[in-house]
>>> print(open('work-v2.tsv').read())   # TSV, C-alpha atoms
chain	number	residue	atom	x	y	z
A	1	MET	CA	53.78	-49.25	23.82
A	2	ARG	CA	56.78	-50.12	25.93
A	3	LEU	CA	54.74	-50.74	29.09
A	4	GLU	CA	53.16	-53.70	27.38
A	5	THR	CA	56.54	-55.22	26.69
A	6	LEU	CA	57.25	-54.88	30.40
A	7	GLY	CA	54.34	-57.11	31.33
A	8	PHE	CA	51.48	-54.65	31.66
A	9	THR	CA	48.43	-56.07	29.95
A	10	ASN	CA	46.00	-53.19	30.39
A	11	VAL	CA	47.60	-49.97	29.17
A	12	ILE	CA	45.32	-47.14	28.11
A	13	ASP	CA	46.38	-43.95	26.36
A	14	TYR	CA	44.62	-40.69	27.29
A	15	VAL	CA	45.11	-39.35	23.77
A	16	PRO	CA	44.23	-35.64	24.18
A	17	GLY	CA	46.72	-35.41	27.04
A	18	LYS	CA	47.51	-32.98	29.78
A	19	LEU	CA	46.70	-29.75	27.97
A	20	SER	CA	43.24	-30.94	27.07
A	21	TRP	CA	42.62	-31.80	30.72
A	22	PHE	CA	43.64	-28.30	31.75
A	23	GLU	CA	41.60	-26.71	28.97
A	24	GLU	CA	38.52	-28.25	30.52
A	25	ASN	CA	39.33	-26.58	33.84
A	26	GLN	CA	40.03	-29.83	35.63
A	27	PRO	CA	42.11	-29.94	38.85
A	28	ARG	CA	45.88	-29.69	38.55
A	29	GLU	CA	48.93	-30.28	40.72
A	30	GLY	CA	52.50	-29.01	40.58
A	31	LYS	CA	54.67	-25.99	41.29
A	32	ALA	CA	52.98	-23.75	38.72
A	33	THR	CA	49.45	-24.36	39.91
A	34	ASP	CA	49.50	-21.47	42.39
A	35	GLU	CA	50.31	-19.00	39.62
A	36	THR	CA	47.89	-17.36	37.22
A	37	TRP	CA	47.68	-19.29	33.95
A	38	ILE	CA	46.86	-17.45	30.78
A	39	GLY	CA	44.08	-19.92	29.98
A	40	ASP	CA	42.30	-18.66	33.10
A	41	VAL	CA	42.44	-15.01	32.12
A	42	ALA	CA	42.36	-15.00	28.32
A	43	ASP	CA	39.50	-13.00	26.83
A	44	ALA	CA	37.36	-15.37	24.77
A	45	ASP	CA	35.26	-12.52	23.37
A	46	VAL	CA	37.90	-11.40	20.88
A	47	PRO	CA	36.32	-10.81	17.45
A	48	THR	CA	36.79	-13.55	14.89
A	49	CYS	CA	36.11	-13.81	11.17
A	50	GLY	CA	36.31	-16.29	8.34
A	51	LEU	CA	38.80	-16.36	5.49
A	52	ARG	CA	36.40	-14.96	2.90
A	53	GLU	CA	34.91	-12.12	4.90
A	54	ARG	CA	35.62	-8.63	3.64
A	55	LEU	CA	37.40	-6.17	5.89
A	56	GLY	CA	34.56	-3.70	5.56
A	57	ASP	CA	32.21	-6.24	7.14
A	58	VAL	CA	34.72	-7.37	9.74
A	59	ARG	CA	35.40	-3.80	10.89
A	60	GLY	CA	31.73	-3.42	11.69
A	61	ARG	CA	31.99	-5.81	14.61
A	62	THR	CA	35.50	-5.27	15.94
A	63	ALA	CA	34.39	-2.13	17.82
A	64	ASP	CA	37.22	-1.08	20.15
A	65	TRP	CA	39.39	-4.08	19.35
A	66	ASP	CA	42.54	-3.64	17.29
A	67	THR	CA	42.67	-7.39	16.64
A	68	CYS	CA	40.51	-9.89	14.79
A	69	VAL	CA	41.42	-13.58	14.67
A	70	VAL	CA	40.82	-15.39	11.39
A	71	VAL	CA	39.46	-18.82	12.19
A	72	GLY	CA	38.24	-21.94	10.41
A	73	PRO	CA	35.81	-24.60	11.60
A	74	GLU	CA	35.84	-25.18	15.37
A	75	ARG	CA	37.68	-21.86	15.84
A	76	VAL	CA	41.00	-23.22	14.58
A	77	VAL	CA	43.31	-20.24	14.17
A	78	LEU	CA	44.34	-19.52	10.59
A	79	GLY	CA	45.64	-15.99	10.81
A	80	LEU	CA	45.46	-12.62	12.46
A	81	LEU	CA	44.29	-9.16	11.49
A	82	ARG	CA	45.86	-6.33	13.42
A	83	LYS	CA	45.03	-2.66	13.26
A	84	ALA	CA	47.01	-2.05	10.08
A	85	GLU	CA	45.12	-4.77	8.21
A	86	LEU	CA	41.74	-3.85	9.67
A	87	GLU	CA	42.16	-0.31	8.40
A	88	GLY	CA	43.01	-1.46	4.89
A	89	ASP	CA	40.93	-1.83	1.72
A	90	PRO	CA	37.36	-2.66	2.83
A	91	ASN	CA	36.90	-4.88	-0.21
A	92	ALA	CA	39.90	-7.08	0.57
A	93	THR	CA	39.17	-10.44	2.18
A	94	ALA	CA	40.68	-11.54	5.46
A	95	GLU	CA	42.59	-14.24	3.63
A	96	GLN	CA	44.27	-11.71	1.34
A	97	VAL	CA	45.70	-9.53	4.08
A	98	MET	CA	45.94	-11.66	7.24
A	99	ARG	CA	49.17	-12.47	9.00
A	100	SER	CA	49.46	-16.23	8.61
A	101	GLY	CA	50.66	-18.58	11.32
A	102	PRO	CA	50.61	-16.18	14.26
A	103	LYS	CA	52.50	-17.13	17.39
A	104	THR	CA	50.26	-18.82	19.92
A	105	PHE	CA	50.57	-19.85	23.55
A	106	ARG	CA	49.13	-22.82	25.44
A	107	PRO	CA	46.74	-22.22	28.34
A	108	ASN	CA	49.10	-23.61	30.98
A	109	VAL	CA	51.72	-20.92	30.33
A	110	THR	CA	51.81	-18.66	33.37
A	111	LEU	CA	51.05	-14.98	33.05
A	112	GLU	CA	54.59	-14.21	34.16
A	113	GLU	CA	56.06	-16.47	31.46
A	114	LEU	CA	53.87	-14.85	28.82
A	115	LEU	CA	54.84	-11.38	29.92
A	116	LYS	CA	58.52	-12.28	29.81
A	117	SER	CA	58.10	-13.54	26.25
A	118	MET	CA	56.22	-10.37	25.29
A	119	ARG	CA	58.95	-8.21	26.77
A	120	ASP	CA	61.75	-10.27	25.20
A	121	HIS	CA	60.14	-10.01	21.75
A	122	ASP	CA	58.80	-6.49	22.23
A	123	ILE	CA	55.21	-7.59	21.70
A	124	GLN	CA	52.90	-4.72	22.60
A	125	THR	CA	49.60	-6.14	21.38
A	126	ASN	CA	47.44	-9.22	21.93
A	127	SER	CA	48.81	-12.74	22.21
A	128	LEU	CA	46.70	-15.71	21.20
A	129	VAL	CA	45.92	-18.60	23.52
A	130	THR	CA	45.02	-21.85	21.77
A	131	THR	CA	44.53	-25.52	22.48
A	132	GLY	CA	47.15	-28.03	21.41
A	133	ASP	CA	45.27	-28.57	18.17
A	134	GLY	CA	45.06	-24.87	17.40
A	135	LYS	CA	41.57	-23.92	18.57
A	136	LEU	CA	41.23	-20.36	19.79
A	137	LEU	CA	40.62	-20.02	23.54
A	138	GLY	CA	41.10	-16.27	23.74
A	139	VAL	CA	43.60	-13.46	23.70
A	140	ILE	CA	45.49	-11.56	26.33
A	141	SER	CA	46.88	-8.09	25.81
A	142	ARG	CA	50.21	-6.96	27.11
A	143	ALA	CA	48.49	-4.17	29.00
A	144	ASP	CA	46.18	-6.63	30.73
A	145	ALA	CA	49.07	-8.98	31.52
A	146	GLU	CA	51.10	-6.13	33.02
A	147	ALA	CA	48.12	-4.86	35.00
A	148	THR	CA	47.17	-8.28	36.35
A	149	LEU	CA	50.69	-9.04	37.51
A	150	ALA	CA	51.08	-5.59	39.02
A	151	HIS	CA	47.83	-6.16	40.91
A	152	GLU	CA	49.06	-9.51	42.23
A	153	ALA	CA	52.56	-8.34	43.17
A	154	PRO	CA	51.79	-6.13	46.22
A	155	ALA	CA	50.16	-9.00	48.10
A	156	GLU	CA	53.35	-11.05	47.72
A	157	THR	CA	55.68	-8.31	48.88
A	158	ALA	CA	53.60	-6.51	51.50
A	159	PRO	CA	55.66	-5.97	54.66
A	160	GLY	CA	54.65	-7.77	57.81
A	161	ILE	CA	52.81	-10.56	56.04
B	1	MET	CA	38.50	-51.94	27.94
B	2	PRO	CA	39.52	-49.45	25.22
B	3	SER	CA	43.23	-48.91	24.66
B	4	GLN	CA	42.57	-45.25	23.99
B	5	VAL	CA	40.32	-42.76	25.76
B	6	PHE	CA	39.53	-39.22	24.73
B	7	SER	CA	37.35	-37.60	27.35
B	8	VAL	CA	37.79	-36.33	30.88
B	9	SER	CA	34.85	-38.42	32.02
B	10	GLU	CA	36.49	-41.60	30.72
B	11	VAL	CA	39.68	-40.72	32.59
B	12	LYS	CA	37.73	-40.13	35.81
B	13	GLN	CA	35.87	-43.38	35.39
B	14	LEU	CA	39.08	-45.36	34.91
B	15	LEU	CA	40.68	-43.73	37.95
B	16	ALA	CA	37.60	-44.51	40.03
B	17	GLN	CA	38.00	-48.12	38.93
B	18	GLY	CA	41.57	-48.19	40.22
B	19	ALA	CA	43.66	-47.26	37.20
B	20	GLN	CA	47.15	-45.94	37.81
B	21	LEU	CA	47.89	-42.61	36.17
B	22	VAL	CA	51.31	-42.17	34.56
B	23	ASP	CA	52.73	-38.94	33.16
B	24	VAL	CA	55.44	-39.79	30.61
B	25	LEU	CA	56.72	-36.22	30.17
B	26	GLY	CA	60.08	-35.03	31.44
B	27	ALA	CA	60.66	-34.51	35.16
B	28	ASP	CA	60.83	-30.70	34.90
B	29	GLU	CA	57.57	-30.54	33.08
B	30	PHE	CA	55.97	-32.90	35.55
B	31	GLU	CA	57.12	-30.80	38.49
B	32	ARG	CA	55.64	-27.75	36.85
B	33	ASP	CA	52.14	-29.16	36.40
B	34	HIS	CA	50.41	-32.50	36.06
B	35	LEU	CA	47.12	-34.27	36.59
B	36	PRO	CA	46.25	-34.94	40.23
B	37	GLY	CA	47.55	-38.24	41.51
B	38	ALA	CA	49.81	-38.92	38.53
B	39	ILE	CA	53.24	-40.44	38.93
B	40	ASN	CA	56.06	-39.46	36.62
B	41	ILE	CA	57.90	-41.98	34.50
B	42	PRO	CA	59.56	-40.06	31.64
B	43	LEU	CA	59.28	-41.95	28.39
B	44	LYS	CA	63.05	-42.06	27.98
B	45	GLN	CA	63.41	-43.76	31.35
B	46	LEU	CA	60.68	-46.30	30.82
B	47	ASP	CA	62.27	-49.60	31.82
B	48	GLY	CA	61.82	-52.40	34.33
B	49	GLY	CA	63.25	-50.37	37.20
B	50	ALA	CA	61.14	-47.30	36.56
B	51	VAL	CA	57.90	-49.23	36.64
B	52	ALA	CA	58.70	-51.20	39.80
B	53	ASP	CA	56.10	-49.30	41.82
B	54	LEU	CA	53.30	-49.96	39.34
B	55	ASP	CA	50.86	-52.82	39.87
B	56	ARG	CA	50.77	-55.00	36.76
B	57	LYS	CA	47.31	-56.25	37.69
B	58	ARG	CA	45.71	-52.80	37.53
B	59	PRO	CA	45.08	-50.71	34.43
B	60	VAL	CA	47.71	-48.10	33.60
B	61	LEU	CA	46.47	-44.84	32.11
B	62	VAL	CA	49.24	-42.89	30.40
B	63	TYR	CA	49.31	-39.37	29.02
B	64	CYS	CA	51.70	-36.86	27.49
B	65	ASN	CA	51.15	-33.24	26.51
B	66	ASP	CA	48.61	-33.32	23.72
B	67	PHE	CA	47.62	-35.00	20.50
B	68	GLY	CA	51.03	-34.25	19.00
>>> encode(input="work-v2.tsv", output="structure tokens")
Amino acid sequence: MRLETLGFTNVIDYVPGKLSWFEENQPREGKATDETWIGDVADADVPTCGLRERLGDVRGRTADWDTCVVVGPERVVLGLLRKAELEGDPNATAEQVMRSGPKTFRPNVTLEELLKSMRDHDIQTNSLVTTGDGKLLGVISRADAEATLAHEAPAETAPGI
Amino acid sequence: MPSQVFSVSEVKQLLAQGAQLVDVLGADEFERDHLPGAINIPLKQLDGGAVADLDRKRPVLVYCNDFG
């Protein structure tokens, strides 16, 4: 480490880093801290399944959700099942039909930044929020993101305040 | 003293013992969000001048974004 070459004898590396600190809901400073972060509003109750589960079994617990996240040990995201896959052959396994390597977002992305990305890429469904090492924290739907921001906006623009 | 720590509680303990907290990410990223009390010395600017305000006698706890 370069600090040691500059005469510092006691240099310690906080290996998990900033994102891990935020993931544990620790205090934060900076310009973005007054905004809503997606890690604060992501829905952790999204259905999940393993690679070898059959769609027929998975469908039984997705209820009103049109998304199921395929995860490995410690909820590491492996893939995604959207409505089209969930409605497919009930004997197929998640691994056979999942969308691999879905786009994910870190918890310190602001809701506004996420929504901009969803609009730019015409994403209408759920976006995944994960830790830096890929563990699922939750999902946030475009509808929820739009509604949350719309709810926050009037307070910022109300006349006379 | 370990040269690596992994938990929030270890970070808090080191800070309570007087460690200096250094964020080595870029200035824009630091302005956006950082750990409370951290000072910003971007890795690319890490030289004798940049560390002038740090106390060589106290521990220095550094962090970046994540494991990557």
>>> atom_distance(input="work-v2.tsv", atom1="atom CA of Leu114 of chain A", atom2="atom CA of His151 of chain A")
16.1 Å
>>> closest_atom_pairs(input="work-v2.tsv", of="chain A", to="chain B", cutoff="10 Å", atoms="only C-alpha atoms", output="tab-separated table")
residue	atom	partner	partner_atom	distance
A:Arg2	CA	B:Leu46	CA	7.3
A:Leu3	CA	B:Leu46	CA	7.6
A:Glu4	CA	B:Arg56	CA	9.8
A:Thr5	CA	B:Asp47	CA	9.5
A:Leu6	CA	B:Gly48	CA	6.5
A:Gly7	CA	B:Arg56	CA	6.8
A:Phe8	CA	B:Arg56	CA	5.2
A:Thr9	CA	B:Arg56	CA	7.3
A:Asn10	CA	B:Pro59	CA	4.8
A:Val11	CA	B:Val60	CA	4.8
A:Ile12	CA	B:Ser3	CA	4.4
A:Asp13	CA	B:Gln4	CA	4.7
A:Tyr14	CA	B:Val5	CA	5.0
A:Val15	CA	B:Phe6	CA	5.7
A:Pro16	CA	B:Asp66	CA	5.0
A:Gly17	CA	B:Asp66	CA	4.4
A:Lys18	CA	B:Asn65	CA	4.9
A:Leu19	CA	B:Asn65	CA	5.8
A:Ser20	CA	B:Asp66	CA	6.8
A:Trp21	CA	B:Val8	CA	6.6
A:Phe22	CA	B:Leu35	CA	8.4
A:Glu24	CA	B:Val8	CA	8.1
A:Gln26	CA	B:Val8	CA	8.4
A:Pro27	CA	B:Pro36	CA	6.6
A:Arg28	CA	B:Leu35	CA	5.1
A:Glu29	CA	B:His34	CA	5.4
A:Gly30	CA	B:Asp33	CA	4.2
A:Lys31	CA	B:Arg32	CA	4.9
A:Ala32	CA	B:Arg32	CA	5.2
A:Thr33	CA	B:Asp33	CA	6.5
A:Asn108	CA	B:Asp33	CA	8.3
A:Thr131	CA	B:Asp66	CA	8.9
A:Gly132	CA	B:Asp66	CA	6.0
A:Asp133	CA	B:Phe67	CA	7.2
>>> atom_distance(input="work-v2.tsv", atom1="atom CA of Ala42 of chain A", atom2="atom CA of Leu78 of chain A")
18.4 Å
>>> atom_distance(input="work-v2.tsv", atom1="atom CA of Glu35 of chain A", atom2="atom CA of Leu149 of chain A")
10.2 Å
>>> closest_residue(input="work-v2.tsv", among="A:Thr93, A:Thr36, A:Thr48, A:Thr125", to="Val109 of chain A", atoms="all atoms listed in the file")
A:Thr36
>>> residues_around(input="work-v2.tsv", residues="segment 117-120 of chain A", least_positions_apart="4", cutoff="8 Å", atoms="all atoms listed in the file", output="number ranges by chain")
A: 113, 124, 142
